[in-house]
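Everything below belongs to start-v8.tsv, which stores TSV, C-alpha atoms.
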chain	number	residue	atom	x	y	z
D	1	MET	CA	-15.79	8.40	16.74
D	2	ARG	CA	-18.51	5.99	15.74
D	3	MET	CA	-17.74	2.32	15.06
D	4	VAL	CA	-19.90	0.21	12.73
D	5	ARG	CA	-19.60	-3.38	11.60
D	6	THR	CA	-22.34	-3.94	9.04
D	7	LYS	CA	-23.20	-2.48	5.65
D	8	ALA	CA	-26.57	-1.36	7.01
D	9	GLU	CA	-24.97	0.53	9.91
D	10	LEU	CA	-22.46	2.10	7.54
D	11	LYS	CA	-25.21	3.25	5.16
D	12	GLU	CA	-27.21	4.77	8.01
D	13	ALA	CA	-24.17	6.64	9.35
D	14	LEU	CA	-23.16	8.00	5.94
D	15	GLN	CA	-26.68	9.21	5.13
D	16	LYS	CA	-26.29	11.76	7.92
D	17	VAL	CA	-23.22	13.28	6.26
D	18	SER	CA	-24.23	12.92	2.61
D	19	ASP	CA	-23.70	16.64	1.98
D	20	LEU	CA	-20.09	16.58	3.23
D	21	GLU	CA	-16.81	15.80	1.48
D	22	ILE	CA	-15.66	12.40	2.69
D	23	GLY	CA	-12.06	11.23	2.92
D	24	PHE	CA	-11.61	7.47	3.01
D	25	VAL	CA	-8.61	5.58	4.43
D	26	PRO	CA	-8.78	1.82	3.66
D	27	THR	CA	-6.51	-0.29	5.88
D	28	MET	CA	-5.94	-3.83	7.06
D	29	GLY	CA	-5.40	-2.61	10.59
D	30	TYR	CA	-2.51	-2.93	13.03
D	31	LEU	CA	-2.23	0.81	12.62
D	32	HIS	CA	1.06	2.68	12.65
D	33	GLU	CA	2.28	6.19	11.83
D	34	GLY	CA	1.95	5.54	8.09
D	35	HIS	CA	-1.78	4.96	8.45
D	36	LEU	CA	-2.13	7.97	10.73
D	37	ALA	CA	-0.40	10.15	8.11
D	38	LEU	CA	-3.15	9.11	5.68
D	39	VAL	CA	-5.76	10.16	8.25
D	40	LYS	CA	-4.04	13.51	8.72
D	41	ALA	CA	-4.05	14.14	4.97
D	42	ALA	CA	-7.71	13.13	4.77
D	43	LYS	CA	-8.65	15.48	7.62
D	44	ASN	CA	-6.85	18.36	5.93
D	45	GLU	CA	-8.80	17.94	2.69
D	46	ASN	CA	-12.25	16.74	3.75
D	47	ASP	CA	-15.11	17.43	6.16
D	48	TYR	CA	-15.48	13.85	7.39
D	49	VAL	CA	-13.03	10.93	7.60
D	50	VAL	CA	-13.94	7.25	7.30
D	51	MET	CA	-11.45	4.45	7.93
D	52	SER	CA	-11.99	0.77	7.22
D	53	ILE	CA	-10.11	-2.04	8.94
D	54	PHE	CA	-10.47	-5.29	7.04
D	55	VAL	CA	-7.90	-8.02	6.43
D	56	ASN	CA	-8.97	-8.97	2.94
D	57	PRO	CA	-8.52	-12.71	2.25
D	58	LYS	CA	-8.85	-12.18	-1.51
D	59	GLN	CA	-5.44	-10.52	-1.75
D	60	PHE	CA	-3.52	-13.29	0.04
D	61	GLY	CA	-2.18	-16.29	-1.83
D	62	PRO	CA	-2.41	-19.87	-0.51
D	63	ASN	CA	1.10	-19.76	0.98
D	64	GLU	CA	0.89	-16.22	2.34
D	65	ASP	CA	0.33	-14.87	5.84
D	66	PHE	CA	-3.44	-14.21	6.03
D	67	ALA	CA	-3.95	-16.21	9.22
D	68	CYS	CA	-0.83	-14.74	10.83
D	69	TYR	CA	-1.38	-11.15	9.72
D	70	PRO	CA	-1.20	-9.02	12.91
D	71	ARG	CA	-4.51	-7.82	14.35
D	72	ASP	CA	-5.34	-5.63	17.36
D	73	GLU	CA	-8.83	-4.15	17.10
D	74	ALA	CA	-8.80	-2.49	20.53
D	75	GLU	CA	-5.52	-0.64	19.95
D	76	ASP	CA	-6.48	0.22	16.35
D	77	SER	CA	-9.77	1.74	17.50
D	78	LEU	CA	-7.97	3.84	20.09
D	79	GLN	CA	-5.40	5.09	17.58
D	80	ALA	CA	-8.07	5.87	14.97
D	81	GLU	CA	-10.07	7.90	17.46
D	82	ARG	CA	-7.02	9.82	18.65
D	83	ALA	CA	-6.10	10.60	15.04
D	84	GLY	CA	-9.52	12.10	14.40
D	85	VAL	CA	-11.30	9.40	12.41
D	86	ASP	CA	-15.04	10.15	12.44
D	87	LEU	CA	-16.35	6.73	11.38
D	88	LEU	CA	-14.59	3.36	11.68
D	89	PHE	CA	-15.89	0.44	9.60
D	90	LEU	CA	-14.92	-3.00	10.94
D	91	PRO	CA	-16.64	-5.62	8.78
D	92	THR	CA	-16.21	-9.39	9.01
D	93	VAL	CA	-15.27	-11.56	6.06
D	94	ASN	CA	-18.89	-12.76	5.84
D	95	GLU	CA	-20.11	-9.17	5.77
D	96	MET	CA	-17.84	-8.30	2.84
D	97	TYR	CA	-18.17	-11.63	1.02
D	98	PRO	CA	-21.62	-13.00	1.94
D	99	GLN	CA	-21.64	-15.26	-1.11
D	100	GLU	CA	-19.34	-16.52	-3.82
D	101	LEU	CA	-18.60	-13.81	-6.38
D	102	SER	CA	-20.44	-14.21	-9.68
D	103	VAL	CA	-18.20	-11.62	-11.41
D	104	GLN	CA	-14.44	-11.74	-11.04
D	105	LEU	CA	-12.26	-8.64	-11.50
D	106	HIS	CA	-8.87	-9.11	-13.14
D	107	VAL	CA	-6.13	-6.51	-13.44
D	108	GLU	CA	-4.55	-6.57	-16.90
D	109	LYS	CA	-1.73	-4.00	-16.78
D	110	ARG	CA	1.22	-3.33	-14.45
D	111	ILE	CA	0.93	-6.82	-12.93
D	112	ASP	CA	3.76	-8.72	-14.62
D	113	VAL	CA	6.38	-7.02	-12.45
D	114	LEU	CA	7.07	-6.47	-8.73
D	115	ASP	CA	4.29	-7.73	-6.44
D	116	GLY	CA	2.07	-8.55	-9.40
D	117	SER	CA	4.61	-11.09	-10.60
D	118	ALA	CA	5.57	-12.36	-7.16
D	119	ARG	CA	1.98	-12.63	-5.88
D	120	PRO	CA	-0.35	-13.83	-8.67
D	121	GLY	CA	-3.94	-12.68	-8.13
D	122	HIS	CA	-2.98	-10.24	-5.38
D	123	PHE	CA	-4.13	-7.11	-7.19
D	124	ASP	CA	-7.33	-8.79	-8.35
D	125	GLY	CA	-8.14	-9.10	-4.66
D	126	VAL	CA	-7.17	-5.50	-4.00
D	127	VAL	CA	-9.43	-3.98	-6.66
D	128	THR	CA	-12.25	-6.37	-5.70
D	129	VAL	CA	-12.36	-5.23	-2.09
D	130	LEU	CA	-11.83	-1.58	-3.05
D	131	LEU	CA	-14.76	-1.66	-5.45
D	132	LYS	CA	-16.92	-3.02	-2.64
D	133	LEU	CA	-15.70	-0.36	-0.21
D	134	PHE	CA	-15.93	2.48	-2.72
D	135	SER	CA	-19.47	1.40	-3.64
D	136	LEU	CA	-20.50	1.38	0.02
D	137	MET	CA	-18.96	4.74	0.87
D	138	MET	CA	-18.74	6.77	-2.36
D	139	PRO	CA	-16.00	8.95	-0.82
D	140	THR	CA	-14.79	12.20	-2.31
D	141	ARG	CA	-11.17	11.15	-1.91
D	142	ALA	CA	-9.31	7.97	-0.95
D	143	TYR	CA	-5.82	7.89	0.57
D	144	PHE	CA	-2.94	5.46	-0.06
D	145	GLY	CA	0.72	5.33	0.95
D	146	GLN	CA	3.45	5.69	-1.66
D	147	LYS	CA	5.26	2.66	-0.19
D	148	ASP	CA	2.74	0.56	-2.12
D	149	ALA	CA	3.57	2.39	-5.35
D	150	GLN	CA	2.44	-0.38	-7.69
D	151	GLN	CA	-0.87	-0.67	-5.87
D	152	VAL	CA	-1.44	3.08	-6.06
D	153	ALA	CA	-0.79	3.13	-9.81
D	154	ILE	CA	-3.18	0.20	-10.35
D	155	VAL	CA	-5.88	1.83	-8.20
D	156	GLU	CA	-5.53	5.11	-10.08
D	157	SER	CA	-6.00	3.30	-13.40
D	158	PHE	CA	-8.90	1.24	-12.00
D	159	VAL	CA	-10.73	4.37	-10.87
D	160	ALA	CA	-10.12	6.06	-14.23
D	161	ASP	CA	-11.14	2.99	-16.27
D	162	TYR	CA	-14.49	2.65	-14.52
D	163	PHE	CA	-15.26	6.39	-14.21
D	164	LEU	CA	-15.45	6.15	-10.42
D	165	PRO	CA	-16.00	9.69	-9.08
D	166	ILE	CA	-13.20	9.42	-6.51
D	167	GLU	CA	-9.91	11.30	-6.25
D	168	ILE	CA	-6.94	9.09	-5.34
D	169	ARG	CA	-4.45	10.79	-3.06
D	170	LYS	CA	-0.88	9.57	-2.53
D	171	VAL	CA	0.94	10.20	0.76
D	172	ALA	CA	4.71	9.91	1.16
D	173	THR	CA	6.12	6.82	2.88
D	174	ILE	CA	6.49	7.21	6.64
D	175	ARG	CA	9.71	5.73	8.00
D	176	GLU	CA	11.35	4.72	11.26
D	177	LYS	CA	14.33	6.78	12.42
D	178	ASP	CA	16.68	4.29	10.74
D	179	GLY	CA	14.80	4.54	7.43
D	180	LEU	CA	12.74	1.34	7.53
D	181	ALA	CA	9.34	1.93	5.97
D	182	LYS	CA	6.53	1.67	8.52
D	183	SER	CA	4.61	-1.56	8.03
D	184	SER	CA	2.22	-3.68	10.06
D	185	ARG	CA	4.47	-6.63	9.25
D	186	ASN	CA	7.55	-5.14	10.95
D	187	VAL	CA	6.46	-6.54	14.33
D	188	ARG	CA	7.06	-10.07	13.03
D	189	LEU	CA	10.76	-9.49	12.45
D	190	SER	CA	13.26	-10.99	14.87
D	191	GLU	CA	15.79	-8.62	16.48
D	192	ALA	CA	18.45	-9.62	13.95
D	193	GLU	CA	16.02	-9.27	11.03
D	194	ARG	CA	14.92	-5.86	12.29
D	195	ARG	CA	18.53	-4.66	12.28
D	196	ASP	CA	19.04	-6.02	8.78
D	197	ALA	CA	15.79	-4.48	7.54
D	198	ALA	CA	17.13	-0.99	8.21
D	199	LYS	CA	19.58	-1.55	5.37
D	200	LEU	CA	16.80	-1.87	2.78
D	201	HIS	CA	16.26	1.86	2.45
D	202	GLN	CA	19.98	2.57	2.75
D	203	ALA	CA	20.57	0.25	-0.20
D	204	LEU	CA	17.85	1.90	-2.28
D	205	LEU	CA	19.29	5.33	-1.54
D	206	LEU	CA	22.69	4.17	-2.82
D	207	GLY	CA	21.01	2.96	-6.00
D	208	ARG	CA	19.16	6.25	-6.30
D	209	LYS	CA	22.39	8.22	-5.89
D	210	ARG	CA	24.02	6.26	-8.71
D	211	ILE	CA	21.05	6.99	-11.01
D	212	GLU	CA	21.02	10.69	-10.10
D	213	GLU	CA	24.72	10.82	-10.95
D	214	GLY	CA	23.80	9.69	-14.45
D	215	HIS	CA	24.66	6.00	-14.21
D	216	LEU	CA	21.62	4.27	-15.69
D	217	ASP	CA	23.09	0.82	-16.27
D	218	GLU	CA	20.49	-1.35	-14.50
D	219	GLN	CA	22.85	-4.16	-13.55
D	220	LYS	CA	25.32	-1.75	-11.98
D	221	VAL	CA	22.52	-0.08	-10.02
D	222	TYR	CA	21.35	-3.50	-8.83
D	223	GLN	CA	24.89	-4.43	-7.79
D	224	VAL	CA	25.21	-1.30	-5.64
D	225	VAL	CA	21.99	-2.23	-3.84
D	226	LYS	CA	22.95	-5.89	-3.42
D	227	ASP	CA	26.40	-5.00	-2.11
D	228	ARG	CA	24.81	-3.01	0.72
D	229	LEU	CA	22.63	-5.98	1.63
D	230	LEU	CA	25.44	-8.54	1.70
D	231	GLY	CA	25.40	-10.56	4.90
D	232	THR	CA	21.85	-9.67	5.86
D	233	ALA	CA	19.36	-12.36	6.80
D	234	ASN	CA	17.00	-11.96	3.92
D	235	GLN	CA	16.23	-13.33	0.48
D	236	ILE	CA	15.67	-10.81	-2.29
D	237	ASP	CA	12.32	-11.58	-3.89
D	238	TYR	CA	12.74	-8.91	-6.55
D	239	LEU	CA	14.92	-5.90	-7.26
D	240	THR	CA	13.72	-3.90	-10.25
D	241	LEU	CA	14.24	-0.57	-12.00
D	242	LEU	CA	11.28	0.52	-14.16
D	243	ASP	CA	9.65	3.52	-15.76
D	244	TYR	CA	7.25	5.29	-13.40
D	245	PRO	CA	4.24	5.34	-13.39
D	246	SER	CA	3.83	2.95	-16.36
D	247	PHE	CA	5.91	0.16	-14.73
D	248	LEU	CA	7.24	-0.67	-18.20
D	249	ALA	CA	10.92	-1.05	-18.99
D	250	ALA	CA	12.94	2.10	-18.38
D	251	SER	CA	13.89	3.96	-21.55
D	252	ALA	CA	15.46	7.17	-22.78
D	253	ARG	CA	11.97	8.69	-22.75
D	254	SER	CA	11.38	7.96	-19.06
D	255	LYS	CA	10.63	11.05	-16.99
D	256	ALA	CA	10.84	9.17	-13.70
D	257	LEU	CA	12.00	5.76	-12.52
D	258	ILE	CA	11.04	3.50	-9.64
D	259	LEU	CA	13.69	1.41	-7.94
D	260	ALA	CA	11.75	-1.22	-6.01
D	261	ILE	CA	12.69	-4.13	-3.77
D	262	ALA	CA	10.96	-6.94	-1.90
D	263	VAL	CA	12.72	-9.17	0.59
D	264	LYS	CA	11.62	-12.28	2.43
D	265	TYR	CA	12.50	-12.99	6.02
D	266	LYS	CA	11.61	-16.09	8.00
D	267	GLN	CA	8.06	-15.01	8.85
D	268	THR	CA	7.37	-11.94	6.76
D	269	ARG	CA	8.00	-10.10	3.52
D	270	LEU	CA	8.82	-6.40	3.21
D	271	ILE	CA	8.68	-4.02	0.25
D	272	ASP	CA	10.14	-0.57	-0.34
D	273	ASN	CA	10.89	1.75	-3.23
D	274	GLU	CA	12.39	5.03	-4.34
D	275	ILE	CA	10.75	7.13	-7.06
D	276	ILE	CA	13.42	9.08	-8.92
D	277	PRO	CA	12.58	12.02	-11.19
D	278	LEU	CA	14.95	12.33	-14.15
D	279	LYS	CA	16.35	15.60	-15.37
D	280	SER	CA	14.91	16.82	-18.66
D	281	LYS	CA	17.31	16.41	-21.54

Can the structure in the file be given as structure tokens, please?
Amino acid sequence: MRMVRTKAELKEALQKVSDLEIGFVPTMGYLHEGHLALVKAAKNENDYVVMSIFVNPKQFGPNEDFACYPRDEAEDSLQAERAGVDLLFLPTVNEMYPQELSVQLHVEKRIDVLDGSARPGHFDGVVTVLLKLFSLMMPTRAYFGQKDAQQVAIVESFVADYFLPIEIRKVATIREKDGLAKSSRNVRLSEAERRDAAKLHQALLLGRKRIEEGHLDEQKVYQVVKDRLLGTANQIDYLTLLDYPSFLAASARSKALILAIAVKYKQTRLIDNEIIPLKSK
């Protein structure tokens, strides 16, 4: 595996494989099995795999955890190499943002719910850094985890809107044995919070079961989820049932729904979701 830190080094390395299909895995590091599943999918579908590790300041709000976001470059590099990454891009903030942006990107749709509502400007930062990375790499395919379902939907629309010649691939959420979605932020949970966090997916599955049984009353679905989380050491940031993938209000015409949750603990915030296909009527 080759490691590069500058745009010039990246360009030189990619010129040597310009005739190959490239799979790209963008990450913010502190790699776990979810990231490695993206690498595996990329290896299965491409000739050459590039991973980026960059904690993007543009997608963190003023009261969010940019400075505290976990980082471990040495361990990340080892895991990436073991997983079969061919090229690892590790830019600095100055390398990615050498000057103040003269053009600002703004996401218009799917942002008034879930993380878009709870974290104003977050997805503007996501598409900004992705446009930079896509422009540098021009990959054949890019890989994202389904845990970040809203982000994936926004990225798919972004790529389509701007005719970017990149296929967006979604990979199923990778979970711990107790169901907790793998996340770089999990390490910041206390022991008690970690035990409580296992109930997030359990609660969503109870909500999913109620929907699959034909009970589509949103408030009753929410109550089932909240009842499972009673007594846990978290604050529900949002709990929402929406049409998928439009992220509009659920309706009789919905072919699939997303039941999504975000919870805040003392030092971190976790998200999870269940995507629920509906039976044709």

Kindly provide the residues of segment 87-202 of chain D that approach segment 246-264 of chain D to within 10 Å, each paired with its closest atom pair and their distance in Å to one decimal, based on all atoms listed in the file, listed by chain and increasing number, as a Markdown table.
| residue | atom | partner | partner_atom | distance |
| --- | --- | --- | --- | --- |
| D:Lys109 | CA | D:Ser246 | CA | 8.9 |
| D:Arg110 | CA | D:Phe247 | CA | 5.9 |
| D:Ile111 | CA | D:Phe247 | CA | 8.8 |
| D:Asp112 | CA | D:Phe247 | CA | 9.1 |
| D:Val113 | CA | D:Phe247 | CA | 7.5 |
| D:Leu114 | CA | D:Ala260 | CA | 7.5 |
| D:Asp115 | CA | D:Ala262 | CA | 8.1 |
| D:Ala118 | CA | D:Ala262 | CA | 9.3 |
| D:Lys147 | CA | D:Ala260 | CA | 9.5 |
| D:Asp148 | CA | D:Ala260 | CA | 10.0 |
| D:Ala149 | CA | D:Ile258 | CA | 8.7 |
| D:Gln150 | CA | D:Phe247 | CA | 7.9 |
| D:Ala153 | CA | D:Ser246 | CA | 8.0 |
| D:Ile154 | CA | D:Ser246 | CA | 9.6 |
| D:Ala197 | CA | D:Val263 | CA | 8.9 |
| D:Leu200 | CA | D:Ile261 | CA | 8.1 |
| D:His201 | CA | D:Ile261 | CA | 9.3 |

- prompt: What does the distance between atom CA of Val107 of chain D and atom CA of Lys58 of chain D come to in Å, to one decimal place?
  reply: 13.5 Å

message: Give me the residues near segment 45-52 of chain D as a PyMOL selection string, where near means some atom within 7 Å (using only C-alpha atoms) and where sequence neighbours in that chain fewer than 3 positions away do not count.
response: chain D and resi 20-27+41-42+85-90

Test item: residues at most 10 Å from Arg71 of chain D, all atoms listed in the file, excluding those fewer than 5 positions along its chain, as a PyMOL selection string: chain D and resi 28-31+53-55+76+184

query: Taking only C-alpha atoms into account, which of D:Lys220, D:Gly61, D:Met137, D:Leu78 comes nearest Glu12 of chain D?
result: D:Met137

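Proximity ranking of D:Tyr265, D:Ser18, D:Phe144, D:Val126 relative to Glu191 of chain D places D:Tyr265 first, based on only C-alpha atoms.
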
- request: Might you pull out every residue within 9 Å of Tyr222 of chain D, with all atoms listed in the file counted and same-chain residues fewer than 2 positions away left off, and present them as a PyMOL selection string?
  value: chain D and resi 207+217-220+224-227+239-241

message: Neighbouring residues of Tyr69 of chain D were defined as those with any atom within 12 Å, considering only C-alpha atoms; residues of the same chain fewer than 3 positions away were excluded. Please report them as a PyMOL selection string.
response: chain D and resi 28-30+54-57+60+64-66+72+183-188+267-269

Restricting it to C-alpha atoms, dump the selection as a compact mmCIF listing (two decimals), in the coordinates of the input.
# COMPACT_ATOMS: atom_id res chain seq x y z
CA MET D 28 -5.94 -3.83 7.06
CA GLY D 29 -5.40 -2.61 10.59
CA TYR D 30 -2.51 -2.93 13.03
CA PHE D 54 -10.47 -5.29 7.04
CA VAL D 55 -7.90 -8.02 6.43
CA ASN D 56 -8.97 -8.97 2.94
CA PRO D 57 -8.52 -12.71 2.25
CA PHE D 60 -3.52 -13.29 0.04
CA GLU D 64 0.89 -16.22 2.34
CA ASP D 65 0.33 -14.87 5.84
CA PHE D 66 -3.44 -14.21 6.03
CA ASP D 72 -5.34 -5.63 17.36
CA SER D 183 4.61 -1.56 8.03
CA SER D 184 2.22 -3.68 10.06
CA ARG D 185 4.47 -6.63 9.25
CA ASN D 186 7.55 -5.14 10.95
CA VAL D 187 6.46 -6.54 14.33
CA ARG D 188 7.06 -10.07 13.03
CA GLN D 267 8.06 -15.01 8.85
CA THR D 268 7.37 -11.94 6.76
CA ARG D 269 8.00 -10.10 3.52

query: So which one's closest to Gly125 of chain D, D:Thr140, D:Gln99, D:Gln104, D:Asn234? Using all atoms listed in the file, please.
result: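 Among the listed residues, the smallest separation from Gly125 of chain D belongs to D:Gln104.
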
task: Work out how far apart atom CA of Glu75 of chain D and atom CA of Lys199 of chain D are and give it in Å to one decimal.
output: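 Atom-to-atom, atom CA of Glu75 of chain D to atom CA of Lys199 of chain D, that is 29.0 Å.
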
query: In Å, with one decimal, what is the gap from atom CA of Ile211 of chain D to atom CA of Arg228 of chain D?
result: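 Taking atom CA of Ile211 of chain D and atom CA of Arg228 of chain D, their separation equals 15.9 Å.
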
task: Would you mind listing what lies within 12 Å of Phe158 of chain D as a VMD selection string, with only C-alpha atoms counted and same-chain residues fewer than 4 positions away left out?
output: chain D and resid 105 to 110 123 to 124 126 to 128 130 to 131 134 151 to 154 162 to 168

task: Would you mind telling me which residue in D:Leu270, D:Gln59, D:Arg5, D:Lys182 lies nearest to Gly116 of chain D when using only C-alpha atoms?
output: D:Gln59

Could you rebuild segment 142-160 of chain D with N, CA and C atoms and give it back as a PDB file, in the frame of the given file?
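See result_23.pdb below for the written result:
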ATOM      1  N   ALA D 142      -9.817   9.141  -1.645  1.00  0.00           N
ATOM      2  CA  ALA D 142      -9.310   7.970  -0.950  1.00  0.00           C
ATOM      3  C   ALA D 142      -7.789   8.087  -0.865  1.00  0.00           C
ATOM      4  N   TYR D 143      -7.215   7.609   0.242  1.00  0.00           N
ATOM      5  CA  TYR D 143      -5.820   7.890   0.570  1.00  0.00           C
ATOM      6  C   TYR D 143      -4.998   6.595   0.666  1.00  0.00           C
ATOM      7  N   PHE D 144      -3.827   6.622  -0.005  1.00  0.00           N
ATOM      8  CA  PHE D 144      -2.940   5.460  -0.060  1.00  0.00           C
ATOM      9  C   PHE D 144      -1.498   5.911   0.150  1.00  0.00           C
ATOM     10  N   GLY D 145      -0.683   5.025   0.725  1.00  0.00           N
ATOM     11  CA  GLY D 145       0.720   5.330   0.950  1.00  0.00           C
ATOM     12  C   GLY D 145       1.574   5.022  -0.266  1.00  0.00           C
ATOM     13  N   GLN D 146       2.580   5.858  -0.493  1.00  0.00           N
ATOM     14  CA  GLN D 146       3.450   5.690  -1.660  1.00  0.00           C
ATOM     15  C   GLN D 146       4.337   4.453  -1.543  1.00  0.00           C
ATOM     16  N   LYS D 147       4.482   3.894  -0.328  1.00  0.00           N
ATOM     17  CA  LYS D 147       5.260   2.660  -0.190  1.00  0.00           C
ATOM     18  C   LYS D 147       4.718   1.574  -1.102  1.00  0.00           C
ATOM     19  N   ASP D 148       3.392   1.525  -1.233  1.00  0.00           N
ATOM     20  CA  ASP D 148       2.740   0.560  -2.120  1.00  0.00           C
ATOM     21  C   ASP D 148       2.539   1.195  -3.494  1.00  0.00           C
ATOM     22  N   ALA D 149       3.640   1.597  -4.124  1.00  0.00           N
ATOM     23  CA  ALA D 149       3.570   2.390  -5.350  1.00  0.00           C
ATOM     24  C   ALA D 149       2.856   1.666  -6.485  1.00  0.00           C
ATOM     25  N   GLN D 150       3.096   0.377  -6.627  1.00  0.00           N
ATOM     26  CA  GLN D 150       2.440  -0.380  -7.690  1.00  0.00           C
ATOM     27  C   GLN D 150       0.928  -0.428  -7.445  1.00  0.00           C
ATOM     28  N   GLN D 151       0.548  -0.655  -6.202  1.00  0.00           N
ATOM     29  CA  GLN D 151      -0.870  -0.670  -5.870  1.00  0.00           C
ATOM     30  C   GLN D 151      -1.524   0.661  -6.173  1.00  0.00           C
ATOM     31  N   VAL D 152      -0.867   1.757  -5.811  1.00  0.00           N
ATOM     32  CA  VAL D 152      -1.440   3.080  -6.060  1.00  0.00           C
ATOM     33  C   VAL D 152      -1.655   3.299  -7.552  1.00  0.00           C
ATOM     34  N   ALA D 153      -0.662   2.940  -8.365  1.00  0.00           N
ATOM     35  CA  ALA D 153      -0.790   3.130  -9.810  1.00  0.00           C
ATOM     36  C   ALA D 153      -1.939   2.297 -10.368  1.00  0.00           C
ATOM     37  N   ILE D 154      -2.091   1.068  -9.887  1.00  0.00           N
ATOM     38  CA  ILE D 154      -3.180   0.200 -10.350  1.00  0.00           C
ATOM     39  C   ILE D 154      -4.525   0.763  -9.915  1.00  0.00           C
ATOM     40  N   VAL D 155      -4.614   1.252  -8.686  1.00  0.00           N
ATOM     41  CA  VAL D 155      -5.880   1.830  -8.200  1.00  0.00           C
ATOM     42  C   VAL D 155      -6.240   3.073  -8.988  1.00  0.00           C
ATOM     43  N   GLU D 156      -5.253   3.913  -9.287  1.00  0.00           N
ATOM     44  CA  GLU D 156      -5.530   5.110 -10.080  1.00  0.00           C
ATOM     45  C   GLU D 156      -6.096   4.729 -11.449  1.00  0.00           C
ATOM     46  N   SER D 157      -5.509   3.731 -12.091  1.00  0.00           N
ATOM     47  CA  SER D 157      -6.000   3.300 -13.400  1.00  0.00           C
ATOM     48  C   SER D 157      -7.384   2.658 -13.282  1.00  0.00           C
ATOM     49  N   PHE D 158      -7.606   1.883 -12.242  1.00  0.00           N
ATOM     50  CA  PHE D 158      -8.900   1.240 -12.000  1.00  0.00           C
ATOM     51  C   PHE D 158     -10.004   2.281 -11.867  1.00  0.00           C
ATOM     52  N   VAL D 159      -9.747   3.300 -11.067  1.00  0.00           N
ATOM     53  CA  VAL D 159     -10.730   4.370 -10.870  1.00  0.00           C
ATOM     54  C   VAL D 159     -11.001   5.100 -12.176  1.00  0.00           C
ATOM     55  N   ALA D 160      -9.953   5.370 -12.948  1.00  0.00           N
ATOM     56  CA  ALA D 160     -10.120   6.060 -14.230  1.00  0.00           C
ATOM     57  C   ALA D 160     -10.861   5.179 -15.238  1.00  0.00           C
TER      58      ALA D 160
END
